[in-house]
Amino acid sequence: MLVEPKLKTLLDLVQSSNREELIWINGYLAGLLAQPAGSAPATAALPPPAAATAAPAVQKITITYGTETGNSKKLATDFAAQVKKAGIMAKLVSLDQYRLNDLAKEEYFFTIISTQGDGEPPATAKKFYDHVQQSSLKLGQLKYGVLALGDTSYPLFCKAGEEVDGQLTLRGGQRVVPLRKCDTDYEKEALSWFTEVLELLSGQHTSPAATVVTNAVVPKKNTGRKVYAGAVLGNVNLNDRGSSKETYHIEIGAEEDIDYLPGDALGVIPENPQSTAEAIIALTGINPTRTLSFRNEQYTVFDLLKKKLNIVHLPERVVKQYAQLVQQDIPETKIGLLNLLKIYPVRDAAQFEEVISLLEPITPRLYSIASSPAAHSGEVHLTVALDHFSVNGEKHFGLCSRFLSELQPDATLEFYIHRNQQFRLPAPGKDLIMIGPGTGIAPFRSFLAERDAAGAAGRNWLFFGEQHFVSDFLYQTELQNWLQTGVLTRLNLAFSRDQQYKIYVQHRMLEQAAELWQWIESGAHIYVCGAKEPMSRDVEYTLLQIIERFGAKDTQDAISYLDKLKEEGRYLKDVY
C-alpha cells in the first residue's frame with residue numbers, strides 16, 4: 001500500500017493521462033519490475049510516450065471459428081485474448097451463431113475453420129460455408145484472413161478453409177494475410193499466423209505478399225501426432241445369438257501409457273482385404289514385389305494395395321481421373337477398384353502403374369473410446385459395430401469395422417488419439433444426463449468408469465437403446481453393477497423391437513420429462529452420442545419439447561434456452 005502523498009500523486013497522474021499514455025506507463029512499470037533487484041531504475045533516457053506505444057492501426061475486428069472437436073475454438077479464443085491485449089476490440093463468435101447478414105458489413109474479419117471427412121466443413125460452419133457460395137454476395141469492404149486446420153492423412157487437406165478463402169475473394173473481399181494451412185500439430189503454425197495478423201493490425205506489417213494467394217504451409221510427412229503400437233488383448237461380440245447385429249468390444253494394450261481423456265476418439269488406419277489386393281494384382285499382371293514411390297517413401301505394389309491406398313470405395317473424383325486415363329466414358333459413381341478394373345480394364349501393367357499414382361491414401365477412421373484412463377491403465381477399449389450394406393444385391397462390409405472385427409488376440413496395430421475438447425466431463429460434482437443408443441454407449445462407458453474410479457459426487461443418468469433386450473443389451477452386466485453401486489443414479493432403456501410399436505430413447509425421455517427438466521434446471525450437463533440422423537435430431541426435438549412444456553416457454557424461447565446450454569458447454573454432442 002502506498003502512503004497518502006504517493007497515492008495522491010499516482011491518482012492525479014492516472015486521471016490526467018489519456019489511454020495511450022496509460023498503456024505506456026503500464027509497459028514502463030512492467031519493465032522496471034523485470035529488472036534485477038537492486039539495479040538502478042532506468043530514468044535517464046525515457047523515450048517519449050508517443051513513440052513507445054502507438055495506437056493500433058485497426059480498432060476492432062471480428063474473429064469466428066468453425067469447429068468439430070474444439071481445436072478451432074481454442075485457437076480463436078487464444079487469438080482473441082492476444083488481440084485484446086494489443087488494445088484492439090475483438091468480437092469472438094462461433095460460425096453457427098454468426099449473423100450471416102453481418103458479413104457484408106464487416107471491415108476486418110478473421111476465421112479459423114477445420115475440415116472434416118471428405119473435405120467438408122464442420123457442422124457448425126455449414127450455414128456460413130453455404131452462405132459464401134452465393135454469387136449475389138458482395139463483400140467490397142471486407143478485409144479478411146483464414147486459418148485452416150486439417151489432417152494430411154486425408155486427401156482433401158484443409159479443403160473447407162481453402163474453399164472459404166477462395167469464395168471470400170471471389171465475392172470481392174480483400175485477403176490481408178495469406179491463407180495458412182495447419183496439420184494436426186497446428187500450434188506453431190497458428191502462433192505464426194497470429195503474429196502476422198497482429199503485425200498487420202498494429203500497422204507494422206509491410207509484406208506485399210499479404211494480398212497474394214499462397215499455400216503458407218506445405219504438408220509435412222511428420223505431423224507430430226503421437227502414434228502408438230498396440231496389441232489386441234481381447235475381441236468379443238457383445239451381441240447374443242439371434243441378433244441381426246455384430247458389435248465388437250475390442251481391448252488394445254500398449255507398453256507405454258496411452259495419453260487420452262474420456263470423450264476422446266481413437267484413430268486407426270485400416271488395411272484392405274488381402275484377397276482384394278491379390279485379385280487386383282492377378283487381374284492387371286503387375287509384379288507385386290515391384291517397388292514404387294508413395295509420399296516420398298518406397299513400398300512394394302502389394303504393400304501399397306494392402307496397407308496404404310484406398311482401393312475399396314473410390315471417390316468420384318478418382319473414378320473421373322481413371323476414366324480419362326483409360327479413355328472410357330465411365331459414370332460418376334463410387335466403386336471399388338477391383339470392379340472398376342473388371343468393367344473398364346487397363347491396357348497392361350505399365351498403365352496400371354499410372355492408375356496407382358491416381359489413388360488416394362486410406363483415410364483414418366475415428367471411434368469413440370469406451371475405456372477410462374483411471375480405470376483401464378495402459379489400455380484403450382473400443383465399441384465397434386460391423387457395418388454392412390448391399391450393392392446390386394451383393395453384401396459388402398465397412399472397411400475399418402471389418403478390419404477391426406477380424407483382429408485376433410495378440411494382433412498388432414498402430415493407432416493415435418484424436419482429441420475431442422468439445423466432449424469433456426464436467427467437474428466431479430456436476431450431474432450428467434447421457435443419451436447414447438447403440439454404439440453411442442462407448443464414451444459413456446468411459447465417463448462412468450472414470451467417475452467411478454475418481455469417486456465423483458455428481459449424479460449420472462443414462463438413456464440407452466437397442467433392438468432387443470435379450471440379444472442387444474450392450475455392457476449389460478457393467479451397467480447393472482453401476483446401477484446397484486450407485487455410480488448410475490438412473491438407467492432408462494429402450495428396446496425398439498421388443499413390442500408391437502417401436503420405442504426409442506426419445507420416448508423414454510418424454511416419459512421422464514418432469515424429472516429431466518428438474519435435472520437440467522439444477523445444472524446437469526447433457527451429452528448425446530450416436531447416429532446423427534435421425535437419432536440426434538429426434539433427441540434434440542424432444543429436449544425442446546421438454547424445455548417448452550416444463551419451462552413454460554414458447555418455441556423460440558425454448559430454442560434460445562437450448563442455445564444457451566450449448567454456449568455454456570452444458571449440451572454436447574458427438575454424433576456421426
# chains A, B, ... in the order shown; residues from 1 in each chain; ligands from 1
$ select_by_dssp --residues "range 530-576 of chain A" --states "strand (DSSP E or B)" --output "ChimeraX atom specification"
/A:530,571-575
$ select_by_dssp --residues "range 54-93 of chain A" --states "helix (DSSP H, G or I)" --output "number ranges by chain"
A: 71-85
$ closest_residue --among "A:Val380, A:Cys158, A:Val528, A:Ile362" --to "Leu261 in chain A" --atoms "only C-alpha atoms"
A:Val380
$ residues_around --residues "Tyr344 in chain A" --least-positions-apart "6" --cutoff "12 Å" --atoms "only C-alpha atoms" --output "VMD selection string"
chain A and resid 283 to 284 319 322 to 331 335 to 338 352
$ closest_atom_pairs --of "range 368-443 of chain A" --to "range 299-314 of chain A" --cutoff "12 Å" --atoms "only C-alpha atoms" --output "CSV"
residue,atom,partner,partner_atom,distance
A:Val391,CA,A:His313,CA,11.7
A:His396,CA,A:Val312,CA,10.0
A:Phe397,CA,A:Val312,CA,10.0
A:Gly398,CA,A:Val312,CA,9.3
A:Leu399,CA,A:Val312,CA,7.4
A:Cys400,CA,A:Val312,CA,10.8
A:Phe403,CA,A:Lys307,CA,11.4
A:Leu413,CA,A:Lys307,CA,11.6
A:Glu414,CA,A:Lys307,CA,11.9
$ residues_around --residues "range 66-74 of chain A" --least-positions-apart "3" --cutoff "8 Å" --atoms "only C-alpha atoms" --output "list in words"
Thr77, Asp78, Ser94, Leu95, Asp96, Thr111, Ile112, Ile113, Ser114, Gln116, Pro121, Pro122, Ala123, Thr124, Ala125, Leu149, Arg419, Asn420, Gln421, Gln422 and Phe423 of chain A
$ write_last_selection --atoms "all heavy atoms" --output "short mmCIF file (atom, residue, chain, number, x, y, z; two decimals), in the first residue's frame"
data_model
loop_
_atom_site.label_atom_id
_atom_site.label_comp_id
_atom_site.auth_asym_id
_atom_site.auth_seq_id
_atom_site.Cartn_x
_atom_site.Cartn_y
_atom_site.Cartn_z
N THR A 77 -10.13 -18.46 -29.35
CA THR A 77 -10.17 -17.84 -28.03
C THR A 77 -8.81 -17.28 -27.64
O THR A 77 -8.70 -16.16 -27.12
CB THR A 77 -10.65 -18.87 -26.99
OG1 THR A 77 -11.92 -19.39 -27.37
CG2 THR A 77 -10.77 -18.24 -25.62
N ASP A 78 -7.75 -18.06 -27.90
CA ASP A 78 -6.39 -17.58 -27.60
C ASP A 78 -6.05 -16.35 -28.44
O ASP A 78 -5.43 -15.39 -27.94
CB ASP A 78 -5.37 -18.69 -27.88
CG ASP A 78 -5.49 -19.85 -26.89
OD1 ASP A 78 -6.16 -19.68 -25.85
OD2 ASP A 78 -4.93 -20.93 -27.16
N SER A 94 -18.83 -18.16 -32.64
CA SER A 94 -18.85 -19.40 -33.42
C SER A 94 -19.62 -19.17 -34.72
O SER A 94 -20.60 -18.40 -34.75
CB SER A 94 -19.52 -20.52 -32.61
OG SER A 94 -19.72 -21.67 -33.42
N LEU A 95 -19.22 -19.82 -35.79
CA LEU A 95 -19.86 -19.60 -37.08
C LEU A 95 -21.33 -20.02 -37.09
O LEU A 95 -22.10 -19.51 -37.89
CB LEU A 95 -19.09 -20.34 -38.19
CG LEU A 95 -17.80 -19.65 -38.62
CD1 LEU A 95 -17.01 -20.53 -39.58
CD2 LEU A 95 -18.07 -18.29 -39.26
N ASP A 96 -21.72 -20.95 -36.21
CA ASP A 96 -23.13 -21.32 -36.18
C ASP A 96 -23.97 -20.26 -35.47
O ASP A 96 -25.20 -20.26 -35.58
CB ASP A 96 -23.34 -22.69 -35.55
CG ASP A 96 -22.89 -22.75 -34.10
OD1 ASP A 96 -22.07 -21.91 -33.70
OD2 ASP A 96 -23.35 -23.64 -33.37
N THR A 111 -11.23 -15.82 -39.67
CA THR A 111 -11.92 -17.05 -39.32
C THR A 111 -10.94 -18.22 -39.23
O THR A 111 -9.97 -18.30 -40.01
CB THR A 111 -13.05 -17.37 -40.33
OG1 THR A 111 -13.83 -18.46 -39.84
CG2 THR A 111 -12.50 -17.70 -41.70
N ILE A 112 -11.19 -19.08 -38.26
CA ILE A 112 -10.40 -20.30 -38.07
C ILE A 112 -11.35 -21.46 -38.26
O ILE A 112 -12.33 -21.61 -37.53
CB ILE A 112 -9.78 -20.33 -36.65
CG1 ILE A 112 -8.91 -19.08 -36.44
CG2 ILE A 112 -8.95 -21.60 -36.45
CD1 ILE A 112 -8.36 -18.94 -35.02
N ILE A 113 -11.09 -22.30 -39.27
CA ILE A 113 -12.06 -23.32 -39.66
C ILE A 113 -11.36 -24.64 -39.94
O ILE A 113 -10.30 -24.67 -40.59
CB ILE A 113 -12.89 -22.86 -40.88
CG1 ILE A 113 -13.96 -23.88 -41.23
CG2 ILE A 113 -12.01 -22.53 -42.07
CD1 ILE A 113 -14.96 -23.37 -42.26
N SER A 114 -11.92 -25.72 -39.45
CA SER A 114 -11.35 -27.04 -39.67
C SER A 114 -12.03 -27.72 -40.86
O SER A 114 -13.04 -27.24 -41.37
CB SER A 114 -11.52 -27.91 -38.42
OG SER A 114 -12.89 -28.09 -38.12
N GLN A 116 -13.50 -31.53 -42.22
CA GLN A 116 -13.93 -32.84 -41.75
C GLN A 116 -14.10 -33.79 -42.94
O GLN A 116 -14.41 -33.36 -44.05
CB GLN A 116 -15.26 -32.74 -40.99
CG GLN A 116 -15.31 -31.66 -39.94
CD GLN A 116 -14.22 -31.83 -38.90
OE1 GLN A 116 -14.01 -32.92 -38.39
NE2 GLN A 116 -13.55 -30.73 -38.57
N PRO A 121 -16.87 -28.90 -44.40
CA PRO A 121 -16.74 -28.03 -43.22
C PRO A 121 -17.38 -28.71 -42.02
O PRO A 121 -18.23 -29.60 -42.18
CB PRO A 121 -17.54 -26.79 -43.62
CG PRO A 121 -18.58 -27.30 -44.56
CD PRO A 121 -17.91 -28.42 -45.33
N PRO A 122 -17.01 -28.32 -40.81
CA PRO A 122 -17.70 -28.86 -39.63
C PRO A 122 -19.17 -28.44 -39.65
O PRO A 122 -19.53 -27.44 -40.27
CB PRO A 122 -16.94 -28.25 -38.46
CG PRO A 122 -16.24 -27.06 -39.01
CD PRO A 122 -15.97 -27.36 -40.45
N ALA A 123 -20.00 -29.20 -38.95
CA ALA A 123 -21.43 -28.92 -38.93
C ALA A 123 -21.72 -27.50 -38.48
O ALA A 123 -22.64 -26.84 -38.99
CB ALA A 123 -22.15 -29.93 -38.05
N THR A 124 -20.94 -27.00 -37.53
CA THR A 124 -21.17 -25.66 -37.00
C THR A 124 -20.87 -24.56 -38.02
O THR A 124 -21.26 -23.41 -37.82
CB THR A 124 -20.32 -25.41 -35.75
OG1 THR A 124 -18.94 -25.66 -36.05
CG2 THR A 124 -20.76 -26.33 -34.61
N ALA A 125 -20.16 -24.90 -39.10
CA ALA A 125 -19.79 -23.90 -40.11
C ALA A 125 -20.56 -24.08 -41.41
O ALA A 125 -20.32 -23.34 -42.37
CB ALA A 125 -18.29 -23.96 -40.38
N LEU A 149 -7.48 -25.53 -40.47
CA LEU A 149 -6.97 -26.70 -39.78
C LEU A 149 -7.37 -27.95 -40.54
O LEU A 149 -8.47 -28.04 -41.09
CB LEU A 149 -7.52 -26.79 -38.35
CG LEU A 149 -7.30 -25.60 -37.42
CD1 LEU A 149 -7.73 -25.97 -36.00
CD2 LEU A 149 -5.84 -25.16 -37.43
N ARG A 419 -8.06 -35.88 -30.14
CA ARG A 419 -8.61 -35.09 -29.04
C ARG A 419 -10.00 -34.56 -29.40
O ARG A 419 -10.23 -34.12 -30.52
CB ARG A 419 -7.71 -33.91 -28.71
CG ARG A 419 -6.27 -34.28 -28.42
CD ARG A 419 -6.15 -35.04 -27.11
NE ARG A 419 -4.77 -35.41 -26.83
CZ ARG A 419 -4.41 -36.24 -25.88
NH1 ARG A 419 -5.33 -36.80 -25.11
NH2 ARG A 419 -3.14 -36.54 -25.68
N ASN A 420 -10.88 -34.58 -28.43
CA ASN A 420 -12.22 -34.00 -28.62
C ASN A 420 -12.52 -33.07 -27.45
O ASN A 420 -13.13 -33.48 -26.46
CB ASN A 420 -13.28 -35.10 -28.73
CG ASN A 420 -14.64 -34.55 -29.14
OD1 ASN A 420 -14.84 -33.34 -29.19
ND2 ASN A 420 -15.57 -35.43 -29.44
N GLN A 421 -12.05 -31.83 -27.57
CA GLN A 421 -12.23 -30.86 -26.49
C GLN A 421 -13.69 -30.49 -26.28
O GLN A 421 -14.04 -29.90 -25.26
CB GLN A 421 -11.41 -29.59 -26.79
CG GLN A 421 -9.94 -29.83 -27.06
CD GLN A 421 -9.18 -30.35 -25.84
OE1 GLN A 421 -9.69 -30.32 -24.73
NE2 GLN A 421 -7.96 -30.84 -26.06
N GLN A 422 -14.54 -30.83 -27.26
CA GLN A 422 -15.96 -30.48 -27.18
C GLN A 422 -16.80 -31.54 -26.49
O GLN A 422 -18.03 -31.44 -26.49
CB GLN A 422 -16.51 -30.25 -28.59
CG GLN A 422 -15.91 -29.07 -29.31
CD GLN A 422 -16.34 -27.75 -28.73
OE1 GLN A 422 -15.77 -27.27 -27.76
NE2 GLN A 422 -17.36 -27.14 -29.29
N PHE A 423 -16.18 -32.57 -25.95
CA PHE A 423 -16.94 -33.66 -25.33
C PHE A 423 -16.21 -34.12 -24.07
O PHE A 423 -15.78 -35.26 -23.96
CB PHE A 423 -17.10 -34.81 -26.32
CG PHE A 423 -18.36 -35.61 -26.15
CD1 PHE A 423 -19.58 -35.08 -26.49
CD2 PHE A 423 -18.31 -36.90 -25.64
CE1 PHE A 423 -20.75 -35.82 -26.35
CE2 PHE A 423 -19.47 -37.64 -25.48
CZ PHE A 423 -20.69 -37.10 -25.83
#
$ residues_around --residues "Asn481 in chain A" --least-positions-apart "5" --cutoff "12 Å" --atoms "only C-alpha atoms" --output "PyMOL selection string"
chain A and resi 448-449+452+475-476+486-489+491
$ atom_distance --atom1 "CA of Tyr527 in chain A" --atom2 "CA of Ser372 in chain A"
16.9 Å
$ residues_around --residues "Gly234 in chain A" --least-positions-apart "3" --cutoff "7 Å" --atoms "only C-alpha atoms" --output "list in words"
Ile250, Glu251 and Pro409 of chain A
$ write_last_selection --atoms "C-alpha atoms" --output "CSV table (one decimal), in the first residue's frame"
chain,number,residue,atom,x,y,z
A,250,ILE,CA,-12.1,-54.6,-28.5
A,251,GLU,CA,-9.4,-54.1,-25.9
A,409,PRO,CA,-5.8,-61.6,-29.7
$ closest_residue --among "A:Gly253, A:Gly145, A:Gly429, A:Gly117" --to "Val176 in chain A" --atoms "only C-alpha atoms"
A:Gly145
$ closest_residue --among "A:Thr363, A:Thr276, A:Ser368, A:Gln134" --to "Ile417 in chain A" --atoms "only C-alpha atoms"
A:Ser368
$ atom_distance --atom1 "CA of Arg225 in chain A" --atom2 "CA of Thr115 in chain A"
17.1 Å
$ atom_distance --atom1 "CA of Tyr65 in chain A" --atom2 "CA of Gly267 in chain A"
23.8 Å
$ closest_residue --among "A:Trp193, A:Tyr154, A:Phe550, A:Phe294" --to "Pro364 in chain A" --atoms "only C-alpha atoms"
A:Tyr154
$ closest_residue --among "A:Arg290, A:Lys85, A:Arg445, A:Lys159" --to "Gly263 in chain A" --atoms "only C-alpha atoms"
A:Arg445
$ residues_around --residues "range 459-461 of chain A" --least-positions-apart "6" --cutoff "12 Å" --atoms "only C-alpha atoms" --output "VMD selection string"
chain A and resid 425 to 436 444 to 445 447 to 452 479 482 to 483 486 to 493 509 512 515 to 516 519 to 520 522 to 527
$ closest_residue --among "A:Leu156, A:Ile252, A:Leu201, A:Ala190" --to "Glu107 in chain A" --atoms "only C-alpha atoms"
A:Leu201
